$ cat query-v4.cif   # mmCIF, C-alpha atoms
data_data
loop_
_atom_site.label_atom_id
_atom_site.label_comp_id
_atom_site.auth_asym_id
_atom_site.auth_seq_id
_atom_site.Cartn_x
_atom_site.Cartn_y
_atom_site.Cartn_z
CA MET A 1 -32.72 -17.58 -2.11
CA VAL A 2 -32.08 -14.82 0.43
CA PHE A 3 -28.34 -15.34 -0.11
CA LEU A 4 -28.72 -15.02 -3.88
CA ASP A 5 -30.82 -11.89 -3.43
CA VAL A 6 -27.97 -10.36 -1.41
CA VAL A 7 -25.53 -11.40 -4.13
CA PHE A 8 -27.74 -9.80 -6.77
CA TYR A 9 -27.98 -6.49 -4.91
CA ALA A 10 -24.23 -6.55 -4.30
CA PHE A 11 -23.68 -7.14 -8.02
CA THR A 12 -25.94 -4.18 -8.84
CA VAL A 13 -23.92 -1.90 -6.55
CA VAL A 14 -20.64 -3.16 -8.04
CA VAL A 15 -21.81 -2.46 -11.60
CA PHE A 16 -22.98 1.01 -10.55
CA ILE A 17 -19.59 1.84 -8.98
CA GLN A 18 -17.72 0.54 -12.02
CA VAL A 19 -19.85 2.59 -14.41
CA ILE A 20 -19.29 5.71 -12.27
CA PHE A 21 -15.51 5.21 -12.55
CA TYR A 22 -15.73 4.75 -16.32
CA ILE A 23 -17.91 7.82 -16.83
CA PHE A 24 -16.36 10.33 -14.41
CA PHE A 25 -12.71 9.25 -14.36
CA PHE A 26 -11.56 7.03 -17.22
CA GLY A 27 -14.05 8.41 -19.74
CA LYS A 28 -12.90 11.98 -19.31
CA PHE A 29 -9.35 10.95 -20.18
CA ALA A 30 -10.47 8.67 -23.03
CA PHE A 31 -12.17 11.59 -24.81
CA LEU A 32 -9.64 14.23 -23.78
CA LYS A 33 -7.87 15.75 -26.77
CA SER A 34 -4.11 16.12 -26.66
CA ILE A 35 -3.44 19.85 -26.62
CA LYS A 36 -0.53 20.87 -28.82
CA LYS A 37 1.67 23.04 -26.64
CA ARG A 38 4.07 25.64 -27.97
CA HIS A 39 7.62 24.34 -27.87
CA LYS A 40 9.51 26.48 -25.37
CA ASN A 41 13.03 25.13 -25.98
CA ILE A 42 13.84 25.39 -22.28
CA GLU A 43 17.09 23.85 -21.08
CA ILE A 44 16.63 20.18 -20.19
CA SER A 45 18.73 17.58 -18.40
CA VAL A 46 17.83 14.06 -19.58
CA ILE A 47 18.72 11.61 -16.81
CA VAL A 48 19.35 7.90 -17.41
CA CYS A 49 20.29 5.65 -14.50
CA ALA A 50 21.88 2.36 -15.58
CA LYS A 51 23.02 -0.73 -13.73
CA ASN A 52 24.59 -3.43 -15.90
CA GLU A 53 22.97 -2.02 -19.04
CA ALA A 54 25.88 -1.93 -21.49
CA GLU A 55 24.03 -3.56 -24.40
CA ASN A 56 20.86 -1.53 -23.90
CA LEU A 57 22.85 1.71 -23.84
CA ARG A 58 24.55 0.77 -27.11
CA HIS A 59 21.16 0.22 -28.75
CA PHE A 60 18.98 2.94 -27.23
CA LEU A 61 21.19 5.87 -26.22
CA PRO A 62 21.58 7.04 -29.87
CA SER A 63 17.80 7.71 -30.01
CA ILE A 64 18.23 10.19 -27.14
CA ILE A 65 21.40 11.74 -28.53
CA SER A 66 19.67 12.37 -31.88
CA GLN A 67 16.71 14.25 -30.40
CA ASP A 68 15.62 17.34 -32.33
CA TYR A 69 16.21 19.76 -29.47
CA GLN A 70 18.70 22.56 -28.99
CA ASN A 71 19.42 22.95 -25.29
CA PHE A 72 19.79 19.60 -23.55
CA GLU A 73 22.38 17.54 -21.75
CA ILE A 74 22.35 13.82 -21.04
CA VAL A 75 23.34 12.75 -17.53
CA LEU A 76 24.34 9.08 -17.54
CA ILE A 77 24.48 7.49 -14.09
CA ASN A 78 26.51 4.31 -13.76
CA ASP A 79 25.09 2.69 -10.63
CA ALA A 80 27.98 0.43 -9.57
CA SER A 81 27.74 -1.77 -12.66
CA HIS A 82 29.97 -4.81 -13.00
CA ASP A 83 29.67 -5.11 -16.79
CA ASP A 84 30.88 -2.66 -19.48
CA THR A 85 28.28 0.02 -18.71
CA LEU A 86 30.84 2.66 -17.70
CA GLU A 87 33.03 1.94 -20.75
CA VAL A 88 30.02 2.30 -23.07
CA MET A 89 29.09 5.61 -21.42
CA GLU A 90 32.63 6.90 -21.78
CA ALA A 91 32.72 5.93 -25.46
CA PHE A 92 29.55 7.95 -26.14
CA SER A 93 30.84 10.83 -24.00
CA GLU A 94 34.00 11.10 -26.08
CA ARG A 95 31.89 11.66 -29.21
CA HIS A 96 29.20 13.94 -27.72
CA SER A 97 30.03 16.98 -25.62
CA ASN A 98 26.57 17.22 -24.03
CA ILE A 99 26.96 13.89 -22.17
CA LYS A 100 27.92 13.96 -18.49
CA ILE A 101 28.79 10.77 -16.59
CA VAL A 102 28.15 10.23 -12.90
CA ASN A 103 29.97 7.12 -11.71
CA VAL A 104 28.38 5.83 -8.50
CA LYS A 105 30.13 3.36 -6.26
CA ASN A 106 28.31 1.35 -3.63
CA THR A 107 28.45 2.63 -0.07
CA GLU A 108 27.56 0.71 3.03
CA ALA A 109 24.67 3.04 3.88
CA PHE A 110 23.09 2.96 0.39
CA TRP A 111 24.14 -0.42 -0.99
CA GLY A 112 22.31 -1.09 -4.27
CA ASN A 113 19.91 1.83 -3.72
CA LYS A 114 18.83 3.38 -7.02
CA LYS A 115 17.49 6.46 -5.23
CA TYR A 116 20.99 7.23 -3.96
CA ALA A 117 22.39 6.96 -7.49
CA LEU A 118 19.61 9.11 -8.93
CA THR A 119 20.16 11.74 -6.25
CA LEU A 120 23.80 12.06 -7.24
CA GLY A 121 22.80 12.34 -10.89
CA ILE A 122 20.19 15.01 -10.18
CA LYS A 123 22.71 17.02 -8.14
CA ALA A 124 25.20 16.79 -11.00
CA SER A 125 22.69 17.92 -13.65
CA LYS A 126 23.20 21.40 -15.06
CA TYR A 127 19.59 22.43 -15.69
CA ASN A 128 16.49 22.85 -13.53
CA HIS A 129 14.12 20.89 -15.78
CA LEU A 130 14.74 17.14 -15.60
CA LEU A 131 13.47 14.43 -17.95
CA PHE A 132 13.86 10.79 -16.88
CA THR A 133 13.94 7.52 -18.78
CA ASP A 134 15.54 4.10 -18.40
CA ALA A 135 18.51 2.55 -20.14
CA ASP A 136 16.31 -0.03 -21.88
CA CYS A 137 13.99 2.66 -23.27
CA LYS A 138 13.96 4.62 -26.48
CA PRO A 139 11.85 7.64 -27.47
CA VAL A 140 9.49 6.70 -30.31
CA SER A 141 10.22 9.98 -32.10
CA LYS A 142 12.94 12.60 -32.33
CA TYR A 143 10.52 15.10 -30.76
CA TRP A 144 10.24 13.36 -27.38
CA ILE A 145 12.07 16.10 -25.46
CA LYS A 146 10.11 18.81 -27.29
CA GLU A 147 6.76 17.23 -26.49
CA MET A 148 7.44 16.48 -22.83
CA SER A 149 9.16 19.80 -22.07
CA SER A 150 6.41 21.83 -23.74
CA HIS A 151 4.09 21.00 -20.82
CA PHE A 152 6.30 22.73 -18.27
CA SER A 153 5.07 26.17 -17.25
CA THR A 154 5.21 28.54 -14.29
CA GLU A 155 2.44 26.45 -12.68
CA LYS A 156 3.30 22.96 -13.98
CA SER A 157 6.53 21.52 -12.58
CA ILE A 158 5.68 17.82 -13.12
CA VAL A 159 4.91 16.13 -16.45
CA LEU A 160 3.61 12.56 -16.60
CA GLY A 161 4.31 10.69 -19.83
CA TYR A 162 3.50 7.26 -21.27
CA GLY A 163 6.12 4.51 -21.23
CA ALA A 164 4.98 1.77 -23.60
CA TYR A 165 6.43 -1.68 -24.20
CA SER A 166 7.39 -2.88 -27.65
CA LYS A 167 5.06 -5.31 -29.41
CA ILE A 168 6.01 -8.95 -29.95
CA LYS A 169 3.87 -10.80 -32.48
CA LYS A 170 2.05 -13.98 -31.41
CA SER A 171 3.06 -13.53 -27.77
CA LEU A 172 0.27 -13.76 -25.19
CA LEU A 173 2.65 -12.67 -22.43
CA ASN A 174 3.48 -9.53 -24.41
CA LYS A 175 -0.23 -8.67 -24.67
CA LEU A 176 -0.65 -9.22 -20.93
CA ILE A 177 2.31 -6.95 -20.14
CA ARG A 178 1.05 -4.24 -22.46
CA PHE A 179 -2.52 -4.47 -21.15
CA GLU A 180 -1.30 -4.04 -17.57
CA THR A 181 0.78 -1.07 -18.72
CA LEU A 182 -2.19 0.38 -20.58
CA THR A 183 -4.60 0.09 -17.63
CA THR A 184 -2.03 1.59 -15.25
CA ALA A 185 -1.55 4.53 -17.62
CA ILE A 186 -5.32 5.03 -17.96
CA HIS A 187 -5.52 5.16 -14.18
CA TYR A 188 -2.73 7.64 -13.54
CA PHE A 189 -3.62 9.86 -16.51
CA SER A 190 -7.31 9.84 -15.54
CA PHE A 191 -6.73 10.67 -11.90
CA ALA A 192 -4.19 13.37 -12.76
CA ASN A 193 -6.69 14.85 -15.22
CA GLN A 194 -9.22 14.97 -12.37
CA GLY A 195 -6.79 16.72 -10.05
CA LEU A 196 -5.74 13.57 -8.15
CA PRO A 197 -2.27 12.68 -9.49
CA TYR A 198 -0.83 9.71 -7.64
CA MET A 199 2.03 8.22 -9.68
CA GLY A 200 4.22 8.35 -12.76
CA VAL A 201 6.57 5.92 -14.46
CA GLY A 202 10.32 6.45 -14.51
CA ARG A 203 10.45 5.35 -18.15
CA ASN A 204 8.93 8.70 -19.12
CA LEU A 205 8.68 11.31 -16.41
CA ALA A 206 9.72 14.93 -15.95
CA TYR A 207 9.94 17.32 -13.01
CA THR A 208 12.05 20.23 -11.88
CA LYS A 209 15.10 20.13 -9.67
CA ASP A 210 13.38 22.77 -7.52
CA GLU A 211 10.57 20.29 -6.76
CA PHE A 212 13.13 17.61 -5.94
CA PHE A 213 15.02 19.68 -3.42
CA LYS A 214 11.87 21.26 -1.97
CA ALA A 215 10.76 17.74 -1.03
CA ASN A 216 14.24 16.85 0.30
CA GLY A 217 14.57 14.37 -2.54
CA PHE A 218 13.72 10.76 -1.77
CA ILE A 219 14.47 11.09 1.94
CA SER A 220 10.93 10.36 3.15
CA HIS A 221 10.97 6.92 1.50
CA ILE A 222 14.70 6.30 1.07
CA LYS A 223 14.41 2.99 2.95
CA VAL A 224 11.81 1.74 0.46
CA ARG A 225 14.04 0.22 -2.18
CA SER A 226 11.68 0.90 -5.11
CA GLY A 227 9.46 3.90 -5.81
CA ASP A 228 11.91 6.48 -7.13
CA ASP A 229 9.18 7.36 -9.63
CA ASP A 230 5.71 6.56 -8.26
CA LEU A 231 6.36 7.21 -4.56
CA PHE A 232 8.10 10.49 -5.30
CA ILE A 233 5.26 11.66 -7.54
CA ASN A 234 2.73 10.47 -4.94
CA GLN A 235 4.51 12.67 -2.43
CA ILE A 236 4.88 15.90 -4.43
CA ALA A 237 2.15 15.93 -7.11
CA SER A 238 -0.97 18.06 -6.82
CA LYS A 239 -3.75 19.20 -9.12
CA THR A 240 -2.00 22.54 -9.65
CA ASN A 241 1.58 21.42 -10.37
CA THR A 242 1.00 18.32 -12.55
CA ALA A 243 0.50 18.06 -16.32
CA ILE A 244 -0.04 15.01 -18.51
CA CYS A 245 1.50 14.45 -21.94
CA PHE A 246 0.09 11.71 -24.18
CA SER A 247 0.79 12.83 -27.74
CA ASN A 248 2.12 9.98 -29.90
CA GLU A 249 5.48 11.69 -30.34
CA SER A 250 5.99 11.89 -26.56
CA PHE A 251 5.99 8.13 -25.87
CA THR A 252 8.96 6.03 -24.90
CA GLU A 253 9.17 2.32 -25.65
CA SER A 254 10.88 -0.31 -23.50
CA VAL A 255 11.97 -3.88 -23.96
CA PRO A 256 9.37 -6.14 -22.30
CA GLU A 257 10.10 -9.27 -20.33
CA THR A 258 9.77 -12.49 -22.33
CA ILE A 259 9.61 -14.93 -19.41
CA PHE A 260 6.54 -14.90 -17.18
CA LYS A 261 8.50 -15.43 -13.95
CA ASP A 262 10.71 -12.40 -14.68
CA TRP A 263 7.66 -10.22 -15.30
CA PHE A 264 5.99 -11.53 -12.14
CA ASN A 265 9.03 -10.60 -10.05
CA GLN A 266 9.25 -7.20 -11.74
CA LYS A 267 5.61 -6.41 -10.91
CA ARG A 268 6.10 -7.63 -7.33
CA ARG A 269 8.69 -4.89 -6.90
CA HIS A 270 6.46 -2.25 -8.45
CA ILE A 271 3.28 -3.18 -6.60
CA SER A 272 5.07 -3.37 -3.24
CA THR A 273 5.32 0.42 -3.23
CA ALA A 274 1.54 0.98 -3.41
CA LYS A 275 1.12 0.47 0.35
CA HIS A 276 3.10 3.69 0.83
CA TYR A 277 0.68 5.81 -1.24
CA LYS A 278 -1.50 8.45 0.38
CA LEU A 279 -4.64 7.04 1.97
CA LYS A 280 -7.07 8.62 -0.53
CA HIS A 281 -5.16 7.06 -3.43
CA LYS A 282 -5.07 3.65 -1.77
CA ILE A 283 -8.84 3.80 -1.21
CA LEU A 284 -9.56 4.73 -4.83
CA LEU A 285 -7.24 2.08 -6.27
CA ALA A 286 -8.52 -0.60 -3.88
CA THR A 287 -12.10 0.26 -4.86
CA ILE A 288 -11.27 -0.20 -8.54
CA TYR A 289 -9.60 -3.54 -7.93
CA ILE A 290 -12.20 -4.95 -5.49
CA THR A 291 -15.18 -3.98 -7.66
CA SER A 292 -13.46 -5.50 -10.72
CA LEU A 293 -12.90 -8.73 -8.82
CA LEU A 294 -16.46 -8.81 -7.43
CA PHE A 295 -17.96 -8.06 -10.85
CA TRP A 296 -16.64 -11.30 -12.33
CA LEU A 297 -17.19 -13.44 -9.21
CA LEU A 298 -20.76 -12.28 -8.58
CA ALA A 299 -21.70 -12.37 -12.27
CA PHE A 300 -20.46 -15.95 -12.52
CA LEU A 301 -22.42 -17.03 -9.43
CA LEU A 302 -25.65 -15.35 -10.56
CA LEU A 303 -25.44 -16.65 -14.13
CA VAL A 304 -24.68 -20.21 -13.02
CA THR A 305 -27.73 -20.19 -10.73
CA LEU A 306 -29.84 -18.24 -13.30
CA HIS A 307 -30.92 -15.92 -10.49
CA TYR A 308 -32.60 -12.87 -12.08
CA TRP A 309 -30.55 -13.79 -15.12
CA PRO A 310 -32.19 -11.38 -17.63
CA ILE A 311 -31.31 -8.40 -15.39
CA VAL A 312 -27.86 -9.80 -14.63
CA VAL A 313 -27.10 -10.24 -18.32
CA THR A 314 -28.29 -6.68 -19.00
CA PHE A 315 -26.09 -5.22 -16.26
CA PHE A 316 -23.20 -7.42 -17.37
CA PHE A 317 -23.28 -6.07 -20.91
CA ILE A 318 -23.84 -2.48 -19.79
CA LYS A 319 -20.57 -2.65 -17.90
CA LEU A 320 -18.78 -4.37 -20.78
CA ILE A 321 -20.02 -1.76 -23.27
CA PHE A 322 -18.72 1.09 -21.13
CA GLN A 323 -15.44 -0.77 -20.68
CA TYR A 324 -14.97 -1.46 -24.40
CA VAL A 325 -15.77 2.11 -25.40
CA ILE A 326 -13.61 3.78 -22.74
CA ILE A 327 -10.63 1.42 -22.76
CA GLY A 328 -10.87 1.04 -26.53
CA THR A 329 -10.74 4.80 -27.06
CA SER A 330 -7.83 5.12 -24.62
CA ALA A 331 -6.02 2.22 -26.29
CA LYS A 332 -6.23 3.95 -29.65
CA LYS A 333 -4.96 7.17 -28.06
CA LEU A 334 -1.96 5.30 -26.62
CA ASN A 335 -1.36 3.15 -29.72
CA GLU A 336 -2.45 -0.12 -28.07
CA LYS A 337 -5.61 -0.82 -30.08
CA ASP A 338 -4.65 -4.43 -30.91
CA LEU A 339 -5.49 -5.31 -27.28
CA LEU A 340 -9.14 -4.30 -27.62
CA PHE A 341 -10.66 -7.65 -28.56
CA LEU A 342 -8.99 -9.48 -25.67
CA ILE A 343 -10.16 -7.13 -22.92
CA PRO A 344 -12.34 -9.58 -20.89
CA PHE A 345 -9.69 -12.30 -20.87
CA LEU A 346 -6.86 -9.87 -20.13
CA GLU A 347 -8.82 -8.21 -17.31
CA ILE A 348 -9.63 -11.55 -15.64
CA PHE A 349 -6.00 -12.61 -15.86
CA LEU A 350 -4.80 -9.29 -14.49
CA ILE A 351 -7.14 -9.55 -11.50
CA ILE A 352 -5.81 -13.05 -10.69
CA PHE A 353 -2.23 -11.94 -11.37
CA GLN A 354 -2.46 -8.96 -8.99
CA PHE A 355 -4.06 -11.11 -6.30
CA ALA A 356 -1.20 -13.63 -6.58
CA ILE A 357 1.33 -10.79 -6.26
CA PHE A 358 -0.47 -9.44 -3.18
CA ILE A 359 -0.28 -12.87 -1.50
CA ASN A 360 3.37 -13.36 -2.47
CA ASN A 361 4.33 -9.95 -1.15
CA LEU A 362 2.67 -10.79 2.17
CA VAL A 363 4.72 -13.98 2.44
CA SER A 364 8.10 -12.59 1.36
CA LYS A 365 9.68 -9.32 0.30
CA PRO A 366 10.43 -8.85 -3.42
CA ASN A 367 13.96 -8.32 -4.71
CA HIS A 368 14.89 -4.86 -5.94
CA TRP A 369 17.19 -2.84 -8.25
CA LYS A 370 19.35 -5.58 -9.81
#
$ encode --input "query-v4.cif" --output "structure tokens"
Amino acid sequence: MVFLDVVFYAFTVVVFIQVIFYIFFFGKFAFLKSIKKRHKNIEISVIVCAKNEAENLRHFLPSIISQDYQNFEIVLINDASHDDTLEVMEAFSERHSNIKIVNVKNTEAFWGNKKYALTLGIKASKYNHLLFTDADCKPVSKYWIKEMSSHFSTEKSIVLGYGAYSKIKKSLLNKLIRFETLTTAIHYFSFANQGLPYMGVGRNLAYTKDEFFKANGFISHIKVRSGDDDLFINQIASKTNTAICFSNESFTESVPETIFKDWFNQKRRHISTAKHYKLKHKILLATIYITSLLFWLLAFLLLVTLHYWPIVVTFFFIKLIFQYVIIGTSAKKLNEKDLLFLIPFLEIFLIIFQFAIFINNLVSKPNHWK
């Protein structure tokens, strides 16, 4: 009984911590209104790095070319592709004068390193304000550049956007991918809103060339094969220089994986960079994960043994109510409201999924940039 008492008190503390996160971090983003900024029409360089992405460029590049924006160029980086990527880029470049191509060839020192290719593209860009996306992404509206660039100011040199994944009907894997993307976005938007920005996603991210060169580019983590987006933002972002943009017209949408193993390997690469975050960010993110894990484990143990079960059930539903309200409101804000009714199942799976990735990354290193 003493053991179960300890479990009960631990469960109480876990619920308290979770509720604090939902109220003071995630809740403030969930109920934050998107402020309509005045469109400044500043000069923008849109940067797309592609490696063996010929088909994706054919499909998605027109949605960037057709943006309703006056002063922008598109910098297409061919990162040593061995398909028709360069030929596709050249075909578009012949028809559109605002497209610049940077053809990167592998070097012994930077073999297969996306950060090296991006650095060359950034150096070749004409304008100071840079907007990044991937070759398999498309803006959901013709006002994507307008919306993202409107958040730049004399103080704000970094803009974090939302990179969604397209919906596939009757696909459980698709819902899992989108739920993981949603929770990640809630985290980085919430922390940035509270003055603790820690990451962004390269599918929809903007910063200035001045910031890039002030930080000496990716040099501090050039040997880490991934992290051209989240590690760089973790390095340079602060509460004064970072803005968030989550208006519906500012989203990008990517093609999701359709095979679980491919998604697992993709997330292994992404999660492997988290160990390089600043200590305060690692502590906060670890606290969120550990308390989420303990919530379900301790609740299960206490309910199976019926130990103080009326109080346990009350605490259990208090946490779930906060979670449904906060995540549900955020999901509607980010156009992911169809995920709402599956939250408990999706959260449990995500906890197990992330634990499996952690173990796999301890055993072997993940593969990187194609």
$ atom_distance --input "query-v4.cif" --atom1 "CA of Ser125 in chain A" --atom2 "CA of Glu155 in chain A"
22.0 Å
$ atom_distance --input "query-v4.cif" --atom1 "CA of Tyr69 in chain A" --atom2 "CA of Lys333 in chain A"
24.7 Å
$ atom_distance --input "query-v4.cif" --atom1 "CA of Trp296 in chain A" --atom2 "CA of Glu336 in chain A"
24.0 Å
$ residues_around --input "query-v4.cif" --residues "range 87-104 of chain A" --least-positions-apart "3" --cutoff "10 Å" --atoms "only C-alpha atoms" --output "PyMOL selection string"
chain A and resi 45-51+53-58+61-62+65+71-81+83-84+107+114+116-118+120-126
$ resolve_selection --input "query-v4.cif" --expression "the PyMOL selection byres ((chain A and resi 23) around 12)" --output "list of chain:residue names"
A:Phe16, A:Ile17, A:Gln18, A:Val19, A:Ile20, A:Phe21, A:Tyr22, A:Phe24, A:Phe25, A:Phe26, A:Gly27, A:Lys28, A:Phe29, A:Ala30, A:Phe31, A:Ser190, A:Lys319, A:Ile321, A:Phe322, A:Gln323, A:Val325, A:Ile326, A:Ile327
$ resolve_selection --input "query-v4.cif" --expression "the PyMOL selection byres ((chain A and resi 136) around 8)" --output "ChimeraX atom specification"
/A:53,56-57,60,134-135,137-138,254-255
$ resolve_selection --input "query-v4.cif" --expression "the PyMOL selection byres ((chain A and resi 269-272) around 12)" --output "NGL selection string"
:A and (180-181 or 184 or 199-202 or 224-231 or 262-268 or 273-277 or 282 or 285 or 353-362 or 364-370)
$ write_last_selection --input "query-v4.cif" --atoms "C-alpha atoms" --output "mmCIF file, in the coordinates of the input"
data_model
loop_
_atom_site.group_PDB
_atom_site.id
_atom_site.type_symbol
_atom_site.label_atom_id
_atom_site.label_comp_id
_atom_site.auth_asym_id
_atom_site.auth_seq_id
_atom_site.Cartn_x
_atom_site.Cartn_y
_atom_site.Cartn_z
ATOM 1 C CA GLU A 180 -1.300 -4.040 -17.570
ATOM 2 C CA THR A 181 0.780 -1.070 -18.720
ATOM 3 C CA THR A 184 -2.030 1.590 -15.250
ATOM 4 C CA MET A 199 2.030 8.220 -9.680
ATOM 5 C CA GLY A 200 4.220 8.350 -12.760
ATOM 6 C CA VAL A 201 6.570 5.920 -14.460
ATOM 7 C CA GLY A 202 10.320 6.450 -14.510
ATOM 8 C CA VAL A 224 11.810 1.740 0.460
ATOM 9 C CA ARG A 225 14.040 0.220 -2.180
ATOM 10 C CA SER A 226 11.680 0.900 -5.110
ATOM 11 C CA GLY A 227 9.460 3.900 -5.810
ATOM 12 C CA ASP A 228 11.910 6.480 -7.130
ATOM 13 C CA ASP A 229 9.180 7.360 -9.630
ATOM 14 C CA ASP A 230 5.710 6.560 -8.260
ATOM 15 C CA LEU A 231 6.360 7.210 -4.560
ATOM 16 C CA ASP A 262 10.710 -12.400 -14.680
ATOM 17 C CA TRP A 263 7.660 -10.220 -15.300
ATOM 18 C CA PHE A 264 5.990 -11.530 -12.140
ATOM 19 C CA ASN A 265 9.030 -10.600 -10.050
ATOM 20 C CA GLN A 266 9.250 -7.200 -11.740
ATOM 21 C CA LYS A 267 5.610 -6.410 -10.910
ATOM 22 C CA ARG A 268 6.100 -7.630 -7.330
ATOM 23 C CA THR A 273 5.320 0.420 -3.230
ATOM 24 C CA ALA A 274 1.540 0.980 -3.410
ATOM 25 C CA LYS A 275 1.120 0.470 0.350
ATOM 26 C CA HIS A 276 3.100 3.690 0.830
ATOM 27 C CA TYR A 277 0.680 5.810 -1.240
ATOM 28 C CA LYS A 282 -5.070 3.650 -1.770
ATOM 29 C CA LEU A 285 -7.240 2.080 -6.270
ATOM 30 C CA PHE A 353 -2.230 -11.940 -11.370
ATOM 31 C CA GLN A 354 -2.460 -8.960 -8.990
ATOM 32 C CA PHE A 355 -4.060 -11.110 -6.300
ATOM 33 C CA ALA A 356 -1.200 -13.630 -6.580
ATOM 34 C CA ILE A 357 1.330 -10.790 -6.260
ATOM 35 C CA PHE A 358 -0.470 -9.440 -3.180
ATOM 36 C CA ILE A 359 -0.280 -12.870 -1.500
ATOM 37 C CA ASN A 360 3.370 -13.360 -2.470
ATOM 38 C CA ASN A 361 4.330 -9.950 -1.150
ATOM 39 C CA LEU A 362 2.670 -10.790 2.170
ATOM 40 C CA SER A 364 8.100 -12.590 1.360
ATOM 41 C CA LYS A 365 9.680 -9.320 0.300
ATOM 42 C CA PRO A 366 10.430 -8.850 -3.420
ATOM 43 C CA ASN A 367 13.960 -8.320 -4.710
ATOM 44 C CA HIS A 368 14.890 -4.860 -5.940
ATOM 45 C CA TRP A 369 17.190 -2.840 -8.250
ATOM 46 C CA LYS A 370 19.350 -5.580 -9.810
#
$ closest_residue --input "query-v4.cif" --among "A:Ala206, A:Leu86, A:Ile290, A:Ala164" --to "Met148 in chain A" --atoms "only C-alpha atoms"
A:Ala206
$ residues_around --input "query-v4.cif" --residues "range 338-350 of chain A" --least-positions-apart "4" --cutoff "7 Å" --atoms "only C-alpha atoms" --output "PDB file with C-alpha atoms, keeping the file's coordinate frame"
ATOM      1  CA  LYS A 175      -0.230  -8.670 -24.670  1.00  0.00           C
ATOM      2  CA  LEU A 176      -0.650  -9.220 -20.930  1.00  0.00           C
ATOM      3  CA  PHE A 179      -2.520  -4.470 -21.150  1.00  0.00           C
ATOM      4  CA  GLY A 328     -10.870   1.040 -26.530  1.00  0.00           C
ATOM      5  CA  GLN A 354      -2.460  -8.960  -8.990  1.00  0.00           C
TER       6      GLN A 354
END
$ closest_residue --input "query-v4.cif" --among "A:Phe132, A:Tyr127, A:Phe191, A:Phe316" --to "Phe300 in chain A" --atoms "all atoms listed in the file"
A:Phe316
$ residues_near_point --input "query-v4.cif" --point "(3.7, 13.9, -15.9)" --cutoff "12 Å" --atoms "only C-alpha atoms" --output "number ranges by chain"
A: 130-132, 147-152, 156-163, 185, 188-193, 197-208, 229-230, 232-234, 236-239, 241-246, 250-251
$ closest_residue --input "query-v4.cif" --among "A:Gln70, A:Lys105, A:Gln235, A:Lys278" --to "Phe212 in chain A" --atoms "only C-alpha atoms"
A:Gln235
$ closest_residue --input "query-v4.cif" --among "A:Ile186, A:Val312, A:His307, A:Ile352" --to "Val2 in chain A" --atoms "all atoms listed in the file"
A:His307
$ residues_around --input "query-v4.cif" --residues "Phe11 in chain A" --least-positions-apart "2" --cutoff "10 Å" --atoms "only C-alpha atoms" --output "JSON, numbers by chain"
{"A": [5, 6, 7, 8, 9, 13, 14, 15, 16, 17, 291, 294, 295, 296, 297, 298, 299, 302, 312, 315, 316]}
$ closest_residue --input "query-v4.cif" --among "A:Trp309, A:Leu173, A:Phe317, A:Ser247" --to "Leu32 in chain A" --atoms "only C-alpha atoms"
A:Ser247
$ closest_residue --input "query-v4.cif" --among "A:Ala215, A:Ile177, A:Leu182, A:Ile283" --to "Lys332 in chain A" --atoms "all atoms listed in the file"
A:Leu182
$ residues_around --input "query-v4.cif" --residues "Gly217 in chain A" --least-positions-apart "4" --cutoff "9 Å" --atoms "all atoms listed in the file" --output "list in words"
Lys115, Thr119, Glu211, Phe212, Phe213, Ile222 and Phe232 of chain A
$ axis_aligned_box --input "query-v4.cif" --around "range 348-352 of chain A" --padding-each-side "5 Å" --output "JSON"
{"center_x": -7.2, "center_y": -11.2, "center_z": -13.3, "size_x": 14.8, "size_y": 13.8, "size_z": 15.2}
